[in-house]
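*Asks:* File name query-v8.cif; file contents mmCIF, C-alpha atoms and all ligand atoms; full text below.
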```
data_query
loop_
_atom_site.label_atom_id
_atom_site.label_comp_id
_atom_site.auth_asym_id
_atom_site.auth_seq_id
_atom_site.Cartn_x
_atom_site.Cartn_y
_atom_site.Cartn_z
CA MET A 1 -16.33 -18.50 -26.09
CA THR A 2 -14.77 -20.59 -23.31
CA ILE A 3 -14.86 -18.87 -19.94
CA LYS A 4 -11.46 -19.14 -18.27
CA THR A 5 -12.04 -20.58 -14.84
CA GLN A 6 -8.64 -22.29 -14.46
CA ASN A 7 -8.16 -20.83 -11.03
CA ILE A 8 -11.23 -22.73 -9.81
CA SER A 9 -10.56 -26.22 -8.55
CA LEU A 10 -13.12 -28.96 -7.89
CA THR A 11 -11.91 -28.95 -4.28
CA SER A 12 -13.28 -25.44 -3.81
CA LEU A 13 -16.81 -26.28 -4.98
CA THR A 14 -19.75 -27.74 -3.11
CA LEU A 15 -22.06 -30.28 -4.73
CA ALA A 16 -24.79 -27.63 -4.96
CA GLU A 17 -22.40 -25.35 -6.89
CA LEU A 18 -21.05 -28.06 -9.20
CA GLU A 19 -24.45 -29.41 -10.26
CA PRO A 20 -25.55 -26.32 -12.25
CA ILE A 21 -22.05 -26.11 -13.77
CA CYS A 22 -22.43 -29.66 -15.13
CA VAL A 23 -25.92 -28.91 -16.43
CA ALA A 24 -24.70 -25.70 -18.12
CA MET A 25 -22.03 -27.80 -19.85
CA GLY A 26 -24.75 -30.04 -21.27
CA GLU A 27 -24.36 -32.96 -18.85
CA PRO A 28 -26.89 -34.56 -16.50
CA VAL A 29 -26.96 -33.29 -12.91
CA TYR A 30 -25.59 -36.58 -11.52
CA ARG A 31 -22.21 -35.92 -13.15
CA ALA A 32 -21.41 -33.58 -10.26
CA LYS A 33 -21.70 -36.38 -7.71
CA GLN A 34 -19.63 -38.68 -9.92
CA MET A 35 -16.87 -36.08 -10.18
CA LEU A 36 -16.77 -35.39 -6.44
CA SER A 37 -16.71 -39.10 -5.70
CA TRP A 38 -13.59 -39.32 -7.91
CA VAL A 39 -11.96 -36.55 -5.89
CA TYR A 40 -12.97 -37.53 -2.34
CA GLU A 41 -13.33 -41.32 -2.50
CA LYS A 42 -11.05 -42.47 -5.30
CA GLY A 43 -8.32 -39.84 -5.00
CA ALA A 44 -8.36 -38.62 -8.63
CA THR A 45 -6.13 -35.63 -9.35
CA ALA A 46 -6.97 -35.10 -13.03
CA PHE A 47 -10.14 -35.16 -15.14
CA ASP A 48 -8.77 -37.86 -17.45
CA GLN A 49 -8.67 -40.27 -14.48
CA MET A 50 -12.48 -39.98 -14.12
CA SER A 51 -13.17 -42.93 -16.37
CA ASN A 52 -16.97 -42.89 -16.15
CA LEU A 53 -17.18 -39.33 -17.52
CA PRO A 54 -17.52 -38.93 -21.32
CA LYS A 55 -14.12 -38.14 -22.89
CA ASN A 56 -15.44 -34.94 -24.42
CA PHE A 57 -16.69 -33.73 -21.05
CA GLN A 58 -13.33 -34.62 -19.44
CA ARG A 59 -11.60 -32.44 -22.05
CA GLN A 60 -14.08 -29.58 -21.60
CA CYS A 61 -13.56 -29.66 -17.82
CA ALA A 62 -9.76 -29.76 -18.15
CA GLU A 63 -9.90 -26.64 -20.38
CA GLN A 64 -11.94 -24.68 -17.88
CA TYR A 65 -11.22 -26.09 -14.41
CA GLN A 66 -8.60 -27.84 -12.32
CA VAL A 67 -9.02 -30.77 -9.97
CA PHE A 68 -6.20 -29.63 -7.64
CA GLN A 69 -4.50 -26.23 -7.33
CA THR A 70 -1.69 -27.25 -5.00
CA SER A 71 1.14 -29.80 -4.96
CA VAL A 72 3.20 -31.55 -2.29
CA GLY A 73 6.80 -30.48 -1.72
CA ALA A 74 8.90 -32.03 1.04
CA ILE A 75 7.63 -34.49 3.64
CA ALA A 76 9.32 -34.88 7.05
CA GLN A 77 8.69 -37.94 9.21
CA THR A 78 9.43 -39.04 12.79
CA ALA A 79 9.59 -42.42 14.43
CA TYR A 80 6.24 -41.57 16.09
CA GLY A 81 4.42 -41.73 12.77
CA THR A 82 3.93 -37.97 12.62
CA GLU A 83 4.54 -36.52 9.19
CA LYS A 84 4.75 -32.92 8.15
CA VAL A 85 3.88 -32.07 4.56
CA LEU A 86 4.98 -28.90 2.81
CA VAL A 87 2.34 -27.78 0.27
CA HIS A 88 3.07 -25.46 -2.67
CA LEU A 89 0.30 -22.98 -3.52
CA PRO A 90 -0.41 -21.65 -7.03
CA ASP A 91 1.01 -18.19 -6.18
CA GLY A 92 4.37 -19.63 -5.10
CA ASN A 93 3.68 -19.50 -1.37
CA VAL A 94 4.13 -22.59 0.77
CA ILE A 95 2.17 -23.84 3.75
CA GLU A 96 2.24 -26.98 5.82
CA CYS A 97 -0.08 -29.65 7.14
CA VAL A 98 0.61 -32.49 9.54
CA LEU A 99 -0.47 -36.13 9.71
CA LEU A 100 -0.71 -37.38 13.31
CA ARG A 101 -1.14 -41.03 14.27
CA GLU A 102 -2.40 -42.00 17.74
CA GLY A 103 -3.59 -45.60 17.62
CA LYS A 104 -6.68 -45.76 15.43
CA ARG A 105 -7.06 -42.02 15.51
CA ILE A 106 -5.48 -40.53 12.40
CA THR A 107 -5.63 -36.77 12.20
CA ALA A 108 -4.92 -34.20 9.51
CA CYS A 109 -3.87 -30.86 11.00
CA VAL A 110 -4.39 -28.11 8.41
CA SER A 111 -3.32 -24.49 7.92
CA THR A 112 -5.81 -21.74 7.18
CA GLN A 113 -3.63 -18.75 6.27
CA VAL A 114 -0.25 -18.00 4.73
CA GLY A 115 1.48 -16.60 7.82
CA CYS A 116 -0.55 -15.16 10.66
CA ALA A 117 -1.31 -11.69 12.01
CA MET A 118 -1.76 -12.78 15.62
CA ALA A 119 1.96 -12.85 16.57
CA CYS A 120 1.55 -15.23 19.53
CA ARG A 121 4.80 -15.34 21.41
CA PHE A 122 5.21 -19.13 21.34
CA CYS A 123 4.60 -19.59 17.64
CA ALA A 124 6.88 -19.29 14.62
CA SER A 125 3.97 -18.69 12.22
CA GLY A 126 3.35 -15.19 13.52
CA ILE A 127 6.95 -14.02 12.98
CA PRO A 128 6.68 -13.13 9.27
CA GLY A 129 3.13 -11.71 9.69
CA LEU A 130 0.07 -12.43 7.55
CA GLU A 131 0.44 -12.77 3.80
CA ARG A 132 -3.09 -13.88 2.86
CA ASN A 133 -6.01 -16.17 3.67
CA LEU A 134 -6.12 -19.63 2.13
CA THR A 135 -8.97 -20.42 -0.25
CA THR A 136 -11.43 -23.22 0.48
CA GLY A 137 -9.71 -25.42 -2.13
CA GLU A 138 -6.28 -24.81 -0.62
CA ILE A 139 -7.58 -25.91 2.79
CA ILE A 140 -9.40 -28.98 1.47
CA GLU A 141 -6.42 -30.08 -0.62
CA GLN A 142 -4.24 -30.32 2.50
CA VAL A 143 -6.64 -32.96 3.85
CA LEU A 144 -6.58 -34.76 0.50
CA HIS A 145 -2.77 -34.70 0.34
CA ILE A 146 -2.65 -36.23 3.82
CA LYS A 147 -5.27 -38.81 2.85
CA LYS A 148 -3.21 -39.85 -0.16
CA HIS A 149 -0.24 -40.32 2.09
CA LEU A 150 -1.91 -42.86 4.42
CA LEU A 151 -0.61 -46.41 4.58
CA PRO A 152 -2.73 -49.32 3.30
CA GLY A 153 -5.46 -50.07 5.86
CA GLU A 154 -5.28 -46.62 7.48
CA ARG A 155 -8.33 -44.31 7.50
CA LEU A 156 -8.39 -40.60 8.15
CA THR A 157 -10.58 -40.13 11.25
CA ASN A 158 -10.10 -36.50 12.34
CA VAL A 159 -9.36 -33.05 10.97
CA VAL A 160 -8.08 -30.25 13.18
CA PHE A 161 -7.71 -26.62 12.14
CA MET A 162 -4.56 -26.04 14.17
CA GLY A 163 -1.86 -25.38 11.57
CA ILE A 164 -0.58 -22.00 10.37
CA GLY A 165 -3.02 -19.13 10.79
CA GLU A 166 -5.97 -18.15 12.95
CA PRO A 167 -8.92 -20.09 11.46
CA LEU A 168 -11.59 -17.66 12.64
CA ALA A 169 -9.77 -14.79 10.92
CA ASN A 170 -10.50 -16.62 7.63
CA TYR A 171 -14.05 -17.39 8.69
CA ASP A 172 -15.91 -17.93 5.41
CA ASN A 173 -13.35 -20.24 3.79
CA VAL A 174 -12.86 -22.21 6.99
CA VAL A 175 -16.59 -22.76 7.55
CA ARG A 176 -17.02 -23.72 3.90
CA SER A 177 -14.14 -26.20 4.20
CA MET A 178 -15.67 -27.70 7.32
CA ARG A 179 -18.94 -28.24 5.47
CA ILE A 180 -17.08 -30.03 2.63
CA ILE A 181 -15.09 -32.14 5.12
CA ASN A 182 -18.34 -33.04 6.90
CA ALA A 183 -20.53 -33.67 3.81
CA GLY A 184 -21.45 -37.19 2.71
CA TRP A 185 -20.46 -36.31 -0.88
CA GLY A 186 -17.21 -34.78 0.47
CA LEU A 187 -14.81 -36.29 2.99
CA GLY A 188 -17.65 -37.61 5.18
CA ILE A 189 -15.93 -36.85 8.51
CA GLY A 190 -18.38 -36.33 11.39
CA ALA A 191 -18.57 -32.96 13.14
CA ARG A 192 -17.43 -34.59 16.39
CA HIS A 193 -14.18 -35.44 14.61
CA ILE A 194 -13.54 -31.90 13.36
CA THR A 195 -11.88 -29.38 15.68
CA ILE A 196 -11.27 -25.71 15.18
CA SER A 197 -8.69 -24.00 17.34
CA THR A 198 -8.67 -20.27 18.01
CA VAL A 199 -6.69 -17.83 20.10
CA GLY A 200 -9.97 -16.07 20.81
CA VAL A 201 -11.65 -14.29 17.90
CA ILE A 202 -14.85 -13.68 19.85
CA GLU A 203 -17.08 -12.64 16.99
CA GLY A 204 -16.04 -15.79 15.11
CA ILE A 205 -16.77 -18.06 18.10
CA ARG A 206 -20.26 -16.54 18.41
CA ARG A 207 -20.99 -16.88 14.67
CA LEU A 208 -19.71 -20.44 14.61
CA ALA A 209 -22.01 -21.39 17.46
CA HIS A 210 -24.98 -20.62 15.20
CA GLU A 211 -23.72 -22.33 11.98
CA GLY A 212 -25.42 -25.62 12.90
CA LEU A 213 -22.10 -27.43 12.43
CA LYS A 214 -21.46 -28.54 16.04
CA VAL A 215 -17.73 -29.02 15.53
CA ASN A 216 -15.34 -29.11 18.49
CA LEU A 217 -14.00 -25.78 19.64
CA ALA A 218 -10.52 -25.51 21.18
CA ILE A 219 -9.48 -22.19 22.69
CA SER A 220 -5.80 -21.39 23.20
CA LEU A 221 -5.99 -19.90 26.69
CA HIS A 222 -2.39 -20.22 28.00
CA ALA A 223 -2.92 -17.95 31.04
CA SER A 224 -5.53 -17.17 33.65
CA ASP A 225 -4.91 -13.43 34.00
CA ASP A 226 -4.99 -10.73 31.34
CA VAL A 227 -1.46 -9.39 31.98
CA THR A 228 0.18 -12.79 31.40
CA ARG A 229 -2.15 -13.77 28.53
CA SER A 230 -1.51 -10.49 26.73
CA LYS A 231 2.23 -11.17 26.97
CA ILE A 232 1.73 -14.55 25.30
CA ILE A 233 -1.11 -13.64 22.91
CA PRO A 234 -1.09 -9.92 21.97
CA LEU A 235 -4.72 -10.16 20.70
CA ASN A 236 -5.80 -10.59 24.31
CA LYS A 237 -5.24 -6.86 24.96
CA LYS A 238 -8.30 -6.20 22.78
CA ILE A 239 -10.57 -8.92 24.14
CA GLY A 240 -9.70 -9.99 27.70
CA ILE A 241 -10.23 -13.36 29.33
CA LYS A 242 -13.69 -12.50 30.69
CA SER A 243 -15.25 -11.96 27.26
CA LEU A 244 -13.46 -15.02 25.90
CA ILE A 245 -14.87 -17.25 28.62
CA ALA A 246 -18.35 -15.76 28.02
CA ALA A 247 -18.07 -16.66 24.30
CA ALA A 248 -16.95 -20.19 25.24
CA ARG A 249 -20.00 -20.56 27.50
CA GLU A 250 -22.24 -19.39 24.67
CA TYR A 251 -20.67 -21.93 22.30
CA PHE A 252 -21.40 -24.71 24.77
CA GLU A 253 -24.95 -23.51 25.45
CA VAL A 254 -25.87 -23.24 21.76
CA THR A 255 -24.11 -26.36 20.42
CA GLY A 256 -24.07 -28.62 23.48
CA ARG A 257 -20.41 -29.36 22.71
CA ASP A 258 -17.76 -29.23 25.44
CA VAL A 259 -15.10 -26.61 24.81
CA SER A 260 -11.41 -27.55 25.10
CA PHE A 261 -8.89 -25.12 26.47
CA GLU A 262 -5.31 -25.43 25.28
CA TYR A 263 -2.68 -24.40 27.82
CA ILE A 264 0.98 -24.28 26.83
CA LEU A 265 3.18 -24.47 29.93
CA ILE A 266 6.07 -22.01 29.91
CA ASP A 267 8.55 -22.17 32.74
CA GLY A 268 8.55 -19.00 34.87
CA VAL A 269 5.61 -17.49 32.95
CA ASN A 270 2.35 -19.44 33.50
CA ALA A 271 3.27 -22.78 35.06
CA SER A 272 3.38 -22.18 38.84
CA LYS A 273 1.05 -23.65 41.51
CA GLN A 274 -0.62 -20.22 41.80
CA ASP A 275 -1.21 -20.20 38.04
CA ALA A 276 -2.93 -23.59 38.31
CA GLU A 277 -5.14 -22.37 41.20
CA SER A 278 -6.08 -19.23 39.31
CA LEU A 279 -6.84 -21.22 36.11
CA ALA A 280 -9.15 -23.50 38.10
CA GLN A 281 -11.05 -20.41 39.31
CA VAL A 282 -11.37 -18.96 35.78
CA LEU A 283 -12.78 -22.23 34.41
CA LYS A 284 -15.03 -22.96 37.39
CA GLY A 285 -18.48 -24.17 36.31
CA ILE A 286 -17.60 -24.51 32.61
CA GLN A 287 -18.10 -27.88 30.92
CA CYS A 288 -14.63 -28.26 29.41
CA ASN A 289 -11.44 -30.25 28.92
CA ILE A 290 -7.99 -28.78 29.42
CA ASN A 291 -5.15 -29.87 27.16
CA VAL A 292 -1.80 -29.10 28.75
CA LEU A 293 1.28 -29.05 26.55
CA PRO A 294 4.85 -28.11 27.49
CA VAL A 295 5.99 -25.24 25.22
CA ASN A 296 7.77 -26.33 22.07
CA PRO A 297 11.06 -24.39 22.06
CA VAL A 298 11.24 -22.01 19.08
CA GLU A 299 14.69 -20.69 18.19
CA GLU A 300 13.42 -17.10 17.93
CA PHE A 301 11.84 -17.04 21.42
CA ASN A 302 13.48 -17.73 24.71
CA TRP A 303 10.77 -19.77 26.40
CA ARG A 304 11.37 -23.21 27.87
CA PRO A 305 9.05 -25.95 29.18
CA PRO A 306 8.89 -26.64 32.95
CA SER A 307 10.23 -29.92 34.42
CA GLU A 308 8.08 -33.04 34.25
CA GLY A 309 7.57 -32.81 38.03
CA ALA A 310 6.28 -29.23 37.75
CA ILE A 311 3.89 -30.27 34.94
CA GLU A 312 2.51 -33.05 37.13
CA ILE A 313 1.97 -30.71 40.10
CA PHE A 314 0.19 -28.20 37.80
CA CYS A 315 -2.16 -30.86 36.44
CA ASN A 316 -2.84 -32.39 39.88
CA ILE A 317 -4.06 -29.01 41.16
CA LEU A 318 -6.50 -28.68 38.23
CA GLU A 319 -7.76 -32.23 38.78
CA LYS A 320 -8.28 -31.55 42.49
CA HIS A 321 -10.71 -28.84 41.38
CA GLY A 322 -12.64 -31.41 39.30
CA LEU A 323 -11.27 -30.34 35.90
CA VAL A 324 -10.57 -32.88 33.15
CA VAL A 325 -6.92 -32.56 32.14
CA THR A 326 -4.93 -34.24 29.37
CA ILE A 327 -1.19 -33.86 29.03
CA ARG A 328 -0.43 -33.77 25.32
CA LYS A 329 2.75 -35.36 24.06
CA LYS A 330 5.21 -33.29 22.05
CA LYS A 331 4.97 -35.62 19.08
CA GLY A 332 5.65 -33.00 16.49
CA SER A 333 8.61 -31.22 18.04
CA HIS A 334 11.11 -33.62 16.47
CA ILE A 335 10.15 -32.31 13.07
CA ASN A 336 9.60 -28.76 14.25
CA ALA A 337 5.85 -29.28 14.12
CA ALA A 338 5.07 -26.33 16.34
CA CYS A 339 3.03 -24.45 13.76
CA GLY A 340 5.04 -22.58 11.20
CA GLN A 341 8.43 -24.00 11.99
CA LEU A 342 8.87 -26.18 8.94
CA ARG A 343 7.87 -23.37 6.64
CA LEU A 344 10.20 -20.94 8.40
CA GLN A 345 13.09 -23.33 8.15
CA ARG A 346 12.75 -24.34 4.53
CA GLY A 347 16.02 -23.73 2.82
CA LYS A 348 18.01 -24.20 5.99
CA PHE A 349 16.31 -27.43 7.07
CA LEU A 350 18.94 -30.18 7.14
CA TRP A 351 16.68 -32.97 6.00
CA LYS A 352 19.12 -35.79 5.39
CA SER A 353 21.60 -35.08 8.16
CA GLU A 354 18.67 -34.85 10.63
CA GLY A 355 17.46 -38.26 9.50
CA TYR A 356 14.27 -36.97 7.89
CA PHE A 357 12.68 -38.35 4.80
CA VAL A 358 12.46 -36.15 1.73
CA LYS A 359 10.21 -36.66 -1.27
S1 LIG B 1 -0.62 -19.76 17.50
FE1 LIG B 1 -2.05 -19.69 15.80
S2 LIG B 1 -2.95 -17.63 15.98
FE2 LIG B 1 -1.07 -17.57 17.18
S3 LIG B 1 0.53 -16.81 15.75
FE3 LIG B 1 0.53 -19.08 15.69
S4 LIG B 1 -0.76 -19.58 13.98
FE4 LIG B 1 -1.24 -17.47 14.55
#
```
How would this structure read if it were set down as structure tokens?
Ligand code: SF4

*Replies:*
Amino acid sequence: MTIKTQNISLTSLTLAELEPICVAMGEPVYRAKQMLSWVYEKGATAFDQMSNLPKNFQRQCAEQYQVFQTSVGAIAQTAYGTEKVLVHLPDGNVIECVLLREGKRITACVSTQVGCAMACRFCASGIPGLERNLTTGEIIEQVLHIKKHLLPGERLTNVVFMGIGEPLANYDNVVRSMRIINAGWGLGIGARHITISTVGVIEGIRRLAHEGLKVNLAISLHASDDVTRSKIIPLNKKIGIKSLIAAAREYFEVTGRDVSFEYILIDGVNASKQDAESLAQVLKGIQCNINVLPVNPVEEFNWRPPSEGAIEIFCNILEKHGLVVTIRKKKGSHINAACGQLRLQRGKFLWKSEGYFVK
């Protein structure tokens, strides 16, 4: 009797898991590597494209497994080379991933959940709440969809877990995905080129420190005192900045990797000179980078970015304290690439009249 495993895609399996499956189907163990090389190197999306596999085995696989579970819907582009891809999941849900181009650095930004439970007050993804976690395959396929969309001569260099969802709230699937992205038989992207971004799931940060993965950790800090941070990120009420900073220190001590702190500047909320001074005190003595980004206006919230002059003053104060600061450009805002916005707006998104490209 054929076991129905149609909901399992090759993208959700590791080499160590696929090898015994091939052997159980009467094939040599090396078939597993051949199959994964079709998926990750040659971009195959169906078993019948894997021309060095016996026809009978291709048919057997197609009866029991899938190569991909997801498909690409709309794609929005900007003049900056940023592209946002809407991905349809097998249960009818949709998520999004983003392709970012900055010189030779080409990054896939992936989602980890359908919706999000964190309800951060600058983010559209939290508005509908959490529907479910993404599977490993659904995460990996976003990277593969982006890879397929690259222009001739382009190479995917980085993957960031900064799309919809809190990655550390879907810990097992995210860590598994990172291992596949990092593996030589997988996407082969070095740990230094993989970044996971969290609003501060402390237990997850501590576990991740001991996974042996040494990926980059970015923490969405956005305030230097608990009252302001809790207004921006409700989860902060349960954790507090002190414990978060302690977890960040532990991550650095165990992995030797600098931690990045993301700081969204919101006019009248966290962007004053005093806020900069207080942030410098909170981060004193920590080996870190600070990424400053003016808030991306979201229709549902009433927050606005400060003036360019105010942003410069804020960053100068941090630098005077010896902190490394980068001002991030709002590349994605033209296509509503603050996380969750494309998904929220599907149906009312005026693709053609806005000058976007639709596939
Ligand atoms: S910023 Fe991240 S954690 Fe917060 S609501 Fe948005 S997706 Fe969730």

*Asks:* Fewer than 3 positions away in the same chain doesn't count, so skip those; otherwise give me all residues within 8 Å of Ala271 in chain A, counting all atoms listed in the file, as a CSV table (one decimal) with C-alpha atoms, in the frame of the given file.

*Replies:*
```csv
chain,number,residue,atom,x,y,z
A,265,LEU,CA,3.2,-24.5,29.9
A,266,ILE,CA,6.1,-22.0,29.9
A,267,ASP,CA,8.6,-22.2,32.7
A,268,GLY,CA,8.6,-19.0,34.9
A,275,ASP,CA,-1.2,-20.2,38.0
A,276,ALA,CA,-2.9,-23.6,38.3
A,306,PRO,CA,8.9,-26.6,33.0
A,310,ALA,CA,6.3,-29.2,37.8
A,311,ILE,CA,3.9,-30.3,34.9
A,314,PHE,CA,0.2,-28.2,37.8
```

*Asks:* When distances are computed from all atoms listed in the file, which of A:Val227, A:Cys61, A:Val98, A:Ala247 shows the smallest separation from Ala76 in chain A?

*Replies:*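 Closest residue, counting all atoms listed in the file: A:Val98.
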
*Asks:* At a cut-off of 8 Å around ligand LIG 1 (chain B), and using all atoms listed in the file, what residues come up? Please write them as a list in words.

*Replies:*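 Checked against 8 Å with all atoms listed in the file; the hits are Gly115, Cys116, Ala117, Met118, Ala119, Cys120, Arg121, Phe122, Cys123, Ala124, Ser125, Gly126, Ile127, Met162, Gly163, Ile164, Gly165, Glu166, Pro167, Thr198, Val199, Ser220, Ile233, Cys339 and Gly340 of chain A.
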
*Asks:* Looking at all atoms listed in the file, which of A:Thr136, A:Asn289, A:Gln77, A:Asn170 is the one that sits closest to Gln113 in chain A?

*Replies:*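 Of the candidates, the smallest distance to Gln113 in chain A is held by A:Asn170.
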
*Asks:* Enclose the full set of atoms of range 225-233 of chain A listed in the file within a box whose edges lie along x, y and z, apply 8 Å of padding to each of the six sides, and report centre and edge lengths in Å to one decimal as AutoDock Vina command-line options.

*Replies:*
```
--center_x -1.4 --center_y -12.0 --center_z 28.5 --size_x 23.2 --size_y 21.2 --size_z 27.1
```

*Asks:* I'd like the interatomic distance between CA of Ala169 in chain A and CA of Glu131 in chain A, to a tenth of an Å.

*Replies:*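 Separation between CA of Ala169 in chain A and CA of Glu131 in chain A: 12.6 Å.
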
*Asks:* So what do you get for CA of Cys22 in chain A versus CA of Lys147 in chain A, distance-wise?

*Replies:*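 About the pair CA of Cys22 in chain A and CA of Lys147 in chain A: they are 26.5 Å apart.
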
*Asks:* With all atoms listed in the file as the counted atoms, please give the residues lying no more than 10 Å from range 242-244 of chain A, apart from itself and same-chain residues fewer than 6 positions off, as a PyMOL selection string.

*Replies:* chain A and resi 199-203+205+219+221+224-226+236+250+282

*Asks:* Take the selection from the previous step and output its residues with C-alpha atoms, as an mmCIF file, keeping the file's coordinate frame.

*Replies:*
```
data_model
loop_
_atom_site.group_PDB
_atom_site.id
_atom_site.type_symbol
_atom_site.label_atom_id
_atom_site.label_comp_id
_atom_site.auth_asym_id
_atom_site.auth_seq_id
_atom_site.Cartn_x
_atom_site.Cartn_y
_atom_site.Cartn_z
ATOM 1 C CA VAL A 199 -6.690 -17.830 20.100
ATOM 2 C CA GLY A 200 -9.970 -16.070 20.810
ATOM 3 C CA VAL A 201 -11.650 -14.290 17.900
ATOM 4 C CA ILE A 202 -14.850 -13.680 19.850
ATOM 5 C CA GLU A 203 -17.080 -12.640 16.990
ATOM 6 C CA ILE A 205 -16.770 -18.060 18.100
ATOM 7 C CA ILE A 219 -9.480 -22.190 22.690
ATOM 8 C CA LEU A 221 -5.990 -19.900 26.690
ATOM 9 C CA SER A 224 -5.530 -17.170 33.650
ATOM 10 C CA ASP A 225 -4.910 -13.430 34.000
ATOM 11 C CA ASP A 226 -4.990 -10.730 31.340
ATOM 12 C CA ASN A 236 -5.800 -10.590 24.310
ATOM 13 C CA GLU A 250 -22.240 -19.390 24.670
ATOM 14 C CA VAL A 282 -11.370 -18.960 35.780
#
```

*Asks:* Closest to Ile21 in chain A among A:Met35, A:Ile194, A:Val94, A:Val110, using all atoms listed in the file?

*Replies:*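 The answer is A:Met35, which sits nearest to Ile21 in chain A.
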
*Asks:* So, with all atoms listed in the file as the atoms that count, which of A:Trp38, A:Tyr30, A:Phe68, A:Phe252 lies closest to Pro90 in chain A?

*Replies:*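 Nearest to Pro90 in chain A: A:Phe68.
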
*Asks:* Using all atoms listed in the file, pick whichever of A:Gly26, A:Ile8, A:Val67, A:Ser177 has the shortest atom-to-atom distance to Pro54 in chain A.

*Replies:* A:Gly26

*Asks:* Measure the distance from CA of Ile146 in chain A to CA of Asn216 in chain A in Å and round it to one decimal.

*Replies:* 20.7 Å
